[in-house]
Each structure stands twice: as C-alpha cells, then as structure tokens.
>>> print(open('coords.txt').read())   # compact mmCIF, C-alpha atoms
# COMPACT_ATOMS: atom_id res chain seq x y z
CA MET A 1 -63.41 60.79 142.76
CA LYS A 2 -59.74 60.06 142.99
CA GLY A 3 -58.54 57.88 140.15
CA ARG A 4 -55.59 57.21 137.97
CA ASN A 5 -55.91 60.38 135.86
CA GLU A 6 -53.41 62.30 137.91
CA ASP A 7 -51.87 64.32 135.14
CA ASN A 8 -49.25 66.81 136.12
CA PHE A 9 -51.28 69.84 135.12
CA ARG A 10 -48.63 72.35 136.10
CA GLU A 11 -46.21 70.73 133.66
CA LEU A 12 -48.86 70.53 130.99
CA PHE A 13 -49.80 74.20 131.37
CA GLU A 14 -46.14 75.23 131.33
CA ARG A 15 -46.00 74.04 127.73
CA PHE A 16 -48.41 76.82 126.80
CA MET A 17 -47.90 79.58 129.39
CA GLY A 18 -45.57 81.03 131.99
CA SER A 19 -44.75 79.27 135.22
CA GLU A 20 -46.87 81.49 137.46
CA GLU A 21 -49.94 81.29 135.23
CA ALA A 22 -49.45 77.55 134.86
CA ASN A 23 -49.49 77.21 138.65
CA ARG A 24 -52.74 79.16 138.87
CA SER A 25 -54.38 77.14 136.10
CA ALA A 26 -53.32 73.83 137.64
CA GLU A 27 -54.80 75.04 140.93
CA ASP A 28 -58.08 75.83 139.12
CA ILE A 29 -58.24 72.27 137.84
CA ARG A 30 -57.46 70.83 141.28
CA ARG A 31 -60.19 72.89 142.93
CA GLY A 32 -62.62 71.97 140.15
CA ASP A 33 -61.92 68.29 140.74
CA GLU A 34 -62.43 68.85 144.46
CA LEU A 35 -65.79 70.43 143.76
CA LEU A 36 -66.90 67.47 141.64
CA GLY A 37 -65.71 65.07 144.35
CA GLU A 38 -67.81 66.88 146.93
CA HIS A 39 -70.98 66.27 144.90
CA PRO A 40 -71.22 62.58 144.06
CA ALA A 41 -73.82 61.58 141.47
CA PRO A 42 -76.48 59.04 142.42
CA GLY A 43 -75.73 55.42 141.51
CA PRO A 44 -77.82 53.00 139.45
CA SER A 45 -80.67 51.29 141.27
CA GLU A 46 -80.55 47.58 142.11
CA GLU A 47 -83.54 46.99 139.81
CA LEU A 48 -81.71 48.61 136.90
CA LEU A 49 -78.64 46.42 137.46
CA GLN A 50 -80.78 43.30 137.59
CA SER A 51 -82.62 44.34 134.46
CA ILE A 52 -79.32 44.91 132.63
CA GLU A 53 -78.04 41.49 133.76
CA ALA A 54 -81.22 39.87 132.45
CA THR A 55 -80.87 41.72 129.12
CA ILE A 56 -77.24 40.59 128.85
CA SER A 57 -78.27 36.95 129.45
CA VAL A 58 -80.89 37.16 126.70
CA ARG A 59 -78.39 38.75 124.29
CA LEU A 60 -75.81 36.09 125.06
CA SER A 61 -78.24 33.26 124.46
CA HIS A 62 -79.23 34.86 121.13
CA ARG A 63 -75.57 35.13 120.22
CA ARG A 64 -74.94 31.49 121.14
CA TRP A 65 -77.94 30.38 119.05
CA TYR A 66 -76.75 32.48 116.13
CA HIS A 67 -73.27 30.93 116.30
CA LEU A 68 -74.79 27.45 116.55
CA ARG A 69 -76.83 28.11 113.42
CA GLN A 70 -73.78 29.39 111.59
CA ARG A 71 -71.67 26.32 112.46
CA PRO A 72 -72.89 23.98 109.65
CA TYR A 73 -72.20 26.68 107.06
CA ARG A 74 -68.74 27.28 108.47
CA LEU A 75 -68.00 23.54 108.55
CA GLY A 76 -69.19 23.27 104.96
CA ALA A 77 -66.89 26.10 103.92
CA VAL A 78 -63.96 24.51 105.76
CA ALA A 79 -64.66 21.12 104.18
CA ALA A 80 -64.79 22.71 100.72
CA ALA A 81 -61.52 24.51 101.38
CA ILE A 82 -59.91 21.23 102.51
CA VAL A 83 -61.11 19.43 99.36
CA VAL A 84 -59.72 22.19 97.17
CA LEU A 85 -56.44 22.20 99.09
CA VAL A 86 -56.06 18.41 98.97
CA SER A 87 -56.81 18.28 95.25
CA PHE A 88 -54.29 21.04 94.69
CA LEU A 89 -51.64 19.28 96.78
CA ALA A 90 -52.34 15.98 95.03
CA ARG A 91 -51.23 17.63 91.81
CA MET A 92 -47.99 18.78 93.35
CA GLU A 93 -44.83 16.70 93.60
CA PRO A 94 -42.92 16.71 96.89
CA GLY A 95 -40.48 19.19 95.34
CA GLY A 96 -43.32 21.62 94.79
CA LYS A 97 -43.56 21.20 91.00
CA SER A 98 -46.78 20.38 89.35
CA SER A 99 -46.66 16.78 88.03
CA ASP A 100 -47.65 15.80 84.46
CA LEU A 101 -51.15 14.58 84.18
CA VAL A 102 -51.61 11.02 82.88
CA TYR A 103 -54.31 10.81 80.25
CA GLY A 104 -55.91 7.48 79.30
CA SER A 105 -56.95 6.79 75.73
CA VAL A 106 -60.39 5.39 75.00
CA ILE A 107 -58.96 3.73 71.91
CA PRO A 108 -57.27 0.36 72.61
CA ALA A 109 -53.50 0.37 72.17
CA VAL A 110 -53.70 -2.37 69.47
CA LEU A 111 -55.81 -0.17 67.25
CA TRP A 112 -53.82 2.95 68.12
CA GLU A 113 -50.58 1.32 67.00
CA SER A 114 -52.05 -0.69 64.07
CA ALA A 115 -51.07 0.07 60.47
CA ASP A 116 -54.37 -1.32 59.14
CA ILE A 117 -57.19 -0.29 61.47
CA ALA A 118 -59.88 -1.71 59.19
CA ALA A 119 -58.37 -5.18 59.55
CA GLU A 120 -57.78 -5.02 63.34
CA ASP A 121 -61.12 -3.53 64.47
CA ALA A 122 -63.88 -6.16 64.22
CA ASP A 123 -66.64 -3.56 64.70
CA LEU A 124 -65.24 -1.44 61.97
CA VAL A 125 -65.12 -4.45 59.62
CA ALA A 126 -68.77 -5.26 60.37
CA TYR A 127 -69.89 -1.64 59.89
CA THR A 128 -67.92 -1.37 56.67
CA ALA A 129 -69.56 -4.56 55.35
CA GLU A 130 -73.03 -3.29 56.27
CA ILE A 131 -72.40 0.09 54.65
CA GLU A 132 -71.26 -1.67 51.47
CA GLN A 133 -74.39 -3.82 51.53
CA ILE A 134 -76.61 -0.73 51.94
CA GLU A 135 -74.80 0.95 49.06
CA GLU A 136 -75.56 -2.04 46.87
CA GLN A 137 -79.21 -2.00 47.88
CA ILE A 138 -79.48 1.73 47.12
CA GLU A 139 -77.93 1.13 43.71
CA THR A 140 -80.42 -1.70 43.11
CA LEU A 141 -83.32 0.57 44.05
CA GLN A 142 -82.01 3.40 41.88
CA SER A 143 -81.60 1.09 38.88
CA GLY A 144 -85.14 -0.36 39.42
CA GLU A 145 -83.87 -3.93 39.15
CA GLU A 146 -85.90 -5.17 42.12
CA SER A 147 -89.36 -6.41 41.39
CA GLY A 148 -92.49 -5.14 43.14
CA ASN A 149 -93.27 -1.60 44.22
CA GLY A 150 -90.01 -1.11 46.08
CA ASP A 151 -91.69 -0.33 49.42
CA SER A 152 -90.35 -3.46 51.04
CA ALA A 153 -86.79 -2.62 50.01
CA ILE A 154 -87.08 0.89 51.47
CA SER A 155 -88.59 -0.45 54.68
CA GLU A 156 -85.85 -3.02 54.91
CA LEU A 157 -83.26 -0.30 54.38
CA GLU A 158 -84.82 1.90 57.03
CA ALA A 159 -84.88 -1.00 59.51
CA GLU A 160 -81.27 -1.73 58.80
CA LEU A 161 -80.28 1.90 59.26
CA THR A 162 -82.13 1.96 62.59
CA ASN A 163 -80.28 -1.17 63.71
CA ILE A 164 -76.93 0.28 62.73
CA SER A 165 -77.72 3.49 64.56
CA GLY A 166 -78.68 1.52 67.69
CA ASP A 167 -75.54 -0.63 67.52
CA PHE A 168 -73.40 2.41 67.02
CA TRP A 169 -74.63 4.21 70.12
CA LYS A 170 -74.39 1.00 72.19
CA GLY A 171 -70.73 0.94 71.25
CA MET B 29 -62.49 48.71 139.82
CA ALA B 30 -61.00 45.39 138.68
CA LYS B 31 -57.21 45.03 138.79
CA THR B 32 -55.42 44.78 135.46
CA GLY B 33 -54.87 40.99 135.62
CA ASP B 34 -58.42 40.38 136.81
CA LEU B 35 -59.77 42.71 134.18
CA ALA B 36 -57.93 40.83 131.42
CA ALA B 37 -59.43 37.55 132.67
CA ILE B 38 -62.89 39.12 132.88
CA ILE B 39 -62.66 40.48 129.35
CA ALA B 40 -61.44 37.11 128.07
CA GLY B 41 -64.48 35.52 129.75
CA CYS B 42 -66.77 38.12 128.18
CA LYS B 43 -65.36 37.31 124.76
CA LYS B 44 -66.27 33.66 125.40
CA GLY B 45 -69.81 34.77 126.22
CA LYS B 46 -69.73 34.12 129.97
CA ALA B 47 -72.59 35.97 131.65
CA GLU B 48 -70.81 36.09 135.01
CA CYS B 49 -67.92 38.02 133.43
CA PHE B 50 -70.33 40.62 132.06
CA SER B 51 -71.81 40.84 135.56
CA ALA B 52 -68.32 41.52 136.89
CA LEU B 53 -67.89 44.35 134.36
CA LEU B 54 -71.28 45.70 135.36
CA ASP B 55 -70.24 45.66 139.03
CA SER B 56 -66.99 47.44 138.25
CA TYR B 57 -68.19 50.12 135.85
CA ALA B 58 -71.95 50.63 136.23
CA GLY B 59 -71.51 53.26 138.97
CA ARG B 60 -69.06 55.41 137.05
CA CYS B 61 -70.89 55.11 133.75
CA TYR B 62 -74.20 55.89 135.42
CA GLY B 63 -72.65 58.96 137.08
CA TYR B 64 -71.35 60.07 133.68
CA PHE B 65 -74.77 59.74 132.03
CA TYR B 66 -76.61 61.25 134.96
CA ARG B 67 -74.41 64.32 135.16
CA LEU B 68 -74.84 64.83 131.42
CA THR B 69 -78.60 64.41 131.30
CA GLY B 70 -79.75 65.23 134.84
CA ASN B 71 -82.45 62.62 134.35
CA ARG B 72 -82.56 59.24 136.08
CA ASP B 73 -84.86 57.50 133.59
CA LEU B 74 -82.75 58.61 130.66
CA SER B 75 -79.57 57.60 132.48
CA ASP B 76 -81.13 54.15 133.10
CA GLU B 77 -81.81 53.85 129.37
CA LEU B 78 -78.35 54.97 128.32
CA LEU B 79 -76.61 52.67 130.81
CA SER B 80 -78.65 49.69 129.55
CA GLU B 81 -77.78 50.61 125.98
CA LEU B 82 -74.10 50.84 126.90
CA PHE B 83 -74.01 47.31 128.31
CA VAL B 84 -75.96 45.89 125.38
CA LYS B 85 -73.38 47.51 123.09
CA LEU B 86 -70.66 46.02 125.25
CA VAL B 87 -72.03 42.51 124.63
CA GLU B 88 -72.15 43.20 120.89
CA LYS B 89 -68.74 44.85 120.62
CA ILE B 90 -66.57 43.08 123.16
CA GLY B 91 -65.06 40.99 120.35
CA SER B 92 -63.67 44.16 118.76
CA TYR B 93 -61.78 45.17 121.91
CA LYS B 94 -58.15 44.46 120.99
CA GLY B 95 -56.37 45.49 124.19
CA GLY B 96 -55.17 48.87 125.42
CA SER B 97 -57.00 50.92 128.00
CA PHE B 98 -60.37 49.28 128.62
CA GLU B 99 -61.72 52.44 130.28
CA SER B 100 -60.79 54.42 127.21
CA TRP B 101 -62.61 51.93 124.97
CA LEU B 102 -65.64 51.76 127.27
CA PHE B 103 -66.03 55.51 127.71
CA LYS B 104 -65.57 56.08 124.00
CA ILE B 105 -68.65 53.89 123.48
CA ALA B 106 -70.44 55.72 126.31
CA SER B 107 -69.59 59.07 124.73
CA ASN B 108 -70.85 57.88 121.33
CA ILE B 109 -74.09 56.68 122.92
CA PHE B 110 -74.62 60.06 124.59
CA ASN B 111 -73.86 61.96 121.39
CA ASP B 112 -76.15 59.67 119.37
CA HIS B 113 -78.87 60.39 121.90
CA LEU B 114 -78.31 64.11 121.44
CA ARG B 115 -78.44 63.79 117.66
CA VAL B 116 -81.69 61.82 117.77
CA LYS B 117 -83.15 64.41 120.13
CA GLN B 118 -82.12 67.22 117.83
CA ARG B 119 -83.50 65.47 114.74
CA ARG B 120 -86.84 65.07 116.44
CA SER B 121 -87.18 68.76 117.09
CA LYS B 122 -87.59 71.10 114.18
CA ALA B 123 -84.98 73.84 113.92
CA LEU B 124 -87.46 76.64 114.35
CA GLU B 125 -89.08 75.07 117.37
CA VAL B 126 -85.72 74.54 118.95
CA ARG B 127 -84.78 78.18 118.51
CA THR B 128 -87.96 79.54 120.03
CA ARG B 129 -88.09 77.04 122.83
CA GLU B 130 -84.41 76.96 123.66
CA ALA B 131 -84.31 79.88 126.06
CA LYS B 132 -87.48 78.82 127.84
CA SER B 133 -86.60 75.12 128.03
CA GLU B 134 -83.21 75.81 129.53
CA SER B 135 -84.65 77.86 132.36
CA ASP B 136 -87.49 75.34 132.77
CA ARG B 137 -85.01 72.53 132.93
CA VAL B 138 -82.95 74.25 135.59
CA GLU B 139 -86.13 74.98 137.52
CA ARG B 140 -87.31 71.40 137.15
CA LEU B 141 -83.96 70.08 138.28
CA GLY B 142 -84.20 72.30 141.32
CA SER B 143 -87.69 71.11 142.08
CA GLU B 144 -86.56 67.49 141.73
CA LYS B 145 -84.15 68.20 144.56
CA MET B 146 -81.14 67.91 142.31
CA ASP B 147 -77.92 68.93 143.91
CA ARG B 148 -76.58 72.37 143.16
CA LEU B 149 -73.85 70.94 141.00
CA GLN B 150 -76.37 69.37 138.62
CA VAL B 151 -78.23 72.65 138.33
CA GLN B 152 -75.06 74.57 137.49
CA LEU B 153 -73.83 71.86 135.11
CA GLY B 154 -77.05 72.39 133.17
CA ARG B 155 -75.89 75.95 132.52
CA LEU B 156 -72.69 74.84 130.81
CA ASP B 157 -72.72 74.01 127.11
CA VAL B 158 -73.04 70.30 126.31
CA ALA B 159 -69.51 69.91 124.91
CA THR B 160 -67.85 71.39 127.99
CA ARG B 161 -70.11 69.42 130.31
CA GLU B 162 -69.23 66.23 128.47
CA LEU B 163 -65.51 66.92 128.62
CA ILE B 164 -65.58 67.57 132.38
CA MET B 165 -67.66 64.47 133.08
CA LEU B 166 -65.68 62.26 130.73
CA ARG B 167 -62.49 63.14 132.55
CA PHE B 168 -64.01 62.85 136.01
CA TYR B 169 -65.83 59.52 135.58
CA SER B 170 -63.58 57.73 133.12
CA GLN B 171 -60.47 58.64 135.13
CA LEU B 172 -58.57 58.73 131.88
CA SER B 173 -55.51 60.86 131.37
CA LEU B 174 -55.85 64.09 129.43
CA LYS B 175 -53.87 62.50 126.61
CA GLU B 176 -56.37 59.62 126.35
CA ILE B 177 -59.31 62.02 126.48
CA ALA B 178 -57.77 64.17 123.75
CA ALA B 179 -57.39 60.99 121.65
CA ILE B 180 -61.05 60.04 122.20
CA ARG B 181 -62.13 63.55 121.20
CA SER B 182 -59.69 63.59 118.26
CA GLU B 183 -58.27 66.96 119.23
CA PRO B 184 -54.84 68.23 120.33
CA ILE B 185 -54.07 67.88 124.03
CA GLY B 186 -53.63 71.66 124.35
CA THR B 187 -57.19 72.24 123.13
CA THR B 188 -58.58 69.68 125.58
CA LEU B 189 -56.57 71.16 128.42
CA SER B 190 -57.74 74.68 127.66
CA LYS B 191 -61.41 73.66 127.37
CA LEU B 192 -61.23 71.67 130.60
CA HIS B 193 -59.62 74.53 132.47
CA ARG B 194 -62.14 77.07 131.21
CA GLY B 195 -65.06 74.75 131.97
CA LEU B 196 -63.99 73.88 135.50
CA LYS B 197 -63.20 77.49 136.30
CA LYS B 198 -66.61 78.60 135.05
CA LEU B 199 -68.38 75.84 136.98
CA ARG B 200 -66.58 76.78 140.18
CA ALA B 201 -67.48 80.44 139.69
CA MET B 202 -71.14 79.51 139.23
CA MET B 203 -71.09 77.37 142.35
CA GLU B 204 -69.67 80.14 144.54
>>> encode(input="coords.txt", output="structure tokens")
Amino acid sequence: MKGRNEDNFRELFERFMGSEEANRSAEDIRRGDELLGEHPAPGPSEELLQSIEATISVRLSHRRWYHLRQRPYRLGAVAAAIVVLVSFLARMEPGGKSSDLVYGSVIPAVLWESADIAAEDADLVAYTAEIEQIEEQIETLQSGEESGNGDSAISELEAELTNISGDFWKG
Amino acid sequence: MAKTGDLAAIIAGCKKGKAECFSALLDSYAGRCYGYFYRLTGNRDLSDELLSELFVKLVEKIGSYKGGSFESWLFKIASNIFNDHLRVKQRRSKALEVRTREAKSESDRVERLGSEKMDRLQVQLGRLDVATRELIMLRFYSQLSLKEIAAIRSEPIGTTLSKLHRGLKKLRAMME
C-alpha cells in the first residue's frame, strides 16, 4: 500500500547511527513495506458494510431523539439565564453603575410627616377609644360595681376583643 | 481516500448527523481499517466485530474531533478498540490457564490459520509479538508518518523507528 507516510528513513536513521548503517536500515524498511504490499489483506464483505450502515442509521436516529428530548430543558435553562440577565441589567444604569433602589412606604406620607399621629390617623383614634373603653370595663369588673354575676360583661368584653382583632387584621 | 476539502465537508456533515456522510467515511476507510484489524487478529468474524465497533464509536465521538489529521484520530480509536479487545480477552482467561495454554494455543493458532488458507504473511505475523505486529500494521494501514505514530503510541520517535525496523526485518526473515 503506497500512501502518504513516505518518511525519509535514511535521514531518520542517520540521527541514531552511521550513514552506511542508516542506508541498510532504511532499505530493510523499504523491503518490509514491499513485502506487506505484496500480501493484501481481505476487505470487508458487502453484508458487513450494509450492516454497519444500518447500525449507524439507528444510532443517529437515537441521537436525534435524545437531542429532541433535551431541547425543552435547554430552552428552559436559556430562558432562566435571560431572565436573570435582564433583571441584572435592569438594575444597572447605562454607565454601568448599579442604580439606587426606590423603596415605597406602606405608611401614608401624611402620617409619616405628622407631628401628632394620634390626631391624624382615624383608625388609631378609633382603636385608642375602644382600648380606653375596655380599660374602663375591666376596672368596673375588678371593682365589682356592675350588678349581676358578671358573665355578661365578660362575654361582652370577649366579643369586643374578637371584633377588634378582626378589624385589626382586615387593616 | 477522500481529498482534504471533501473530507472536511464529510466530517462537517457527520457532525450534523448526516447518515450519507458517515457512509462516505465508511467507503473511504472501511477497507484500511478492516485490513488493520484482520492482520492483527487473523480472524474475519472478529475483524467484522471490531470494524462495526469502530464505526459506532465514530458516530459517538465525531463531535470531539477538533481538526488535525483525521487518519491519526481514527486509527487512534481503532488502536484503542483493539487493545481493549485484548484486555477483555486477557481478563477472561485466568493467569495460570494462559501460561499453560499459551505455547499450545500459539502453535494451534498458526496451524488453524494455515488450514483456513490464510496467506503466509498472516501466519508469520502471528509469530510476532502483539505490540510489534500492531506497530507494523498501524503504520501500514493508517499511512501515518512515523512522527504521528510515535505520538499515538506516546513514545519517542527513535523508539518507534527502532521497533518498526526490528519488526519488519524479523518478519522478512521469517517469510524467506
């Protein structure tokens, strides 16, 4: 078989031995190659080649199916990366500096700036009045001024506390 | 053998998963690779198996081919497949059995090869040690330069040259 591996063996051998010996060794290689060329190996059968082609087709279709199955996951990962990138860029100014975040207060500005919150906040006024009323009722109960067995007063107090709790969580 | 430009286009097609490009590679290299396996094993069925395995590997690994000599890349895989086959074969046989059977099996194998009407070359190749046989066949069928072969075998070029020379000289002496 004559191919592209035509090394200059004489030169190669001369790196390791004398010129005459290098010539002889290069000649050995040439005659060895000749010998191999005179005895070609059998080739693959047509059936084998067809079988390999069929196997390759099956492998390729498996590979395609695998890639198809992987696509949604890859798209998901890309989408997530884009979201992260966009949110990161949104926090950057054109100059590349991170901008200050703007925080919103849940407390209205009127109350925030007021000197007398109790007067400005209507809810607070109502709750304060109710708390005062409850305090009075507790004092009445403690002093035993109310007539009867006192159960009604306690029940009334409990109901009122429940109402206040409900109103509070409703905001 | 495909020309360099054609080969690049074929490999690009293989990377895209085109079956016809793999067929083109098969057309170009099946003969040489089969010759390589056959001369190493002296067995057609085994050579069939190894060639099939090589092309299956090619489908799996073509994405990792990053340029350079394609023959070098291909025959490196072929060499690995052959050596893996040897390792598996050795693992299967127990050390003691190997030792006692070795002498007999070698002569049996040579006899069998002769009876299977193998050519004289195959019979004499069977008498060389595996490493030398592989080196001679790798060079002959891959058509790689000695430098490329030395790189595949991870040894200095002088060592490869010396082993090749000794092997070919011995083979020629046995054939005379």
>>> interface_residues(input="coords.txt", of="chain B", to="chain A", cutoff="7 Å", atoms="all atoms listed in the file", output="PyMOL selection string")
chain B and resi 45+47+51+59+62-63+67+76+80+84+87+149+171-174+193+196-197+200
>>> closest_residue(input="coords.txt", among="B:Thr69, B:Glu81, B:Gly95, B:Asn108", to="Arg161 in chain B", atoms="only C-alpha atoms")
B:Thr69
>>> residues_around(input="coords.txt", residues="Leu82 in chain B", least_positions_apart="6", cutoff="9 Å", atoms="only C-alpha atoms", output="CSV table (one decimal) with C-alpha atoms, in the frame of the given file")
chain,number,residue,atom,x,y,z
B,61,CYS,CA,-70.9,55.1,133.8
B,102,LEU,CA,-65.6,51.8,127.3
B,105,ILE,CA,-68.6,53.9,123.5
B,106,ALA,CA,-70.4,55.7,126.3
B,109,ILE,CA,-74.1,56.7,122.9
>>> atom_distance(input="coords.txt", atom1="CA of Ser107 in chain B", atom2="CA of Val158 in chain B")
11.9 Å
>>> residues_around(input="coords.txt", residues="Phe65 in chain B", least_positions_apart="4", cutoff="8 Å", atoms="all atoms listed in the file", output="CSV table (one decimal) with C-alpha atoms, in the frame of the given file")
chain,number,residue,atom,x,y,z
B,61,CYS,CA,-70.9,55.1,133.8
B,69,THR,CA,-78.6,64.4,131.3
B,70,GLY,CA,-79.8,65.2,134.8
B,75,SER,CA,-79.6,57.6,132.5
B,78,LEU,CA,-78.4,55.0,128.3
B,79,LEU,CA,-76.6,52.7,130.8
B,110,PHE,CA,-74.6,60.1,124.6
>>> atom_distance(input="coords.txt", atom1="CA of Thr160 in chain B", atom2="CA of Leu199 in chain B")
10.0 Å
>>> atom_distance(input="coords.txt", atom1="CA of Asp112 in chain B", atom2="CA of Lys44 in chain B")
28.5 Å
>>> residues_around(input="coords.txt", residues="Glu160 in chain A", least_positions_apart="4", cutoff="9 Å", atoms="only C-alpha atoms", output="MDAnalysis selection string")
chainID A and resid 130 134 155:156 164:165
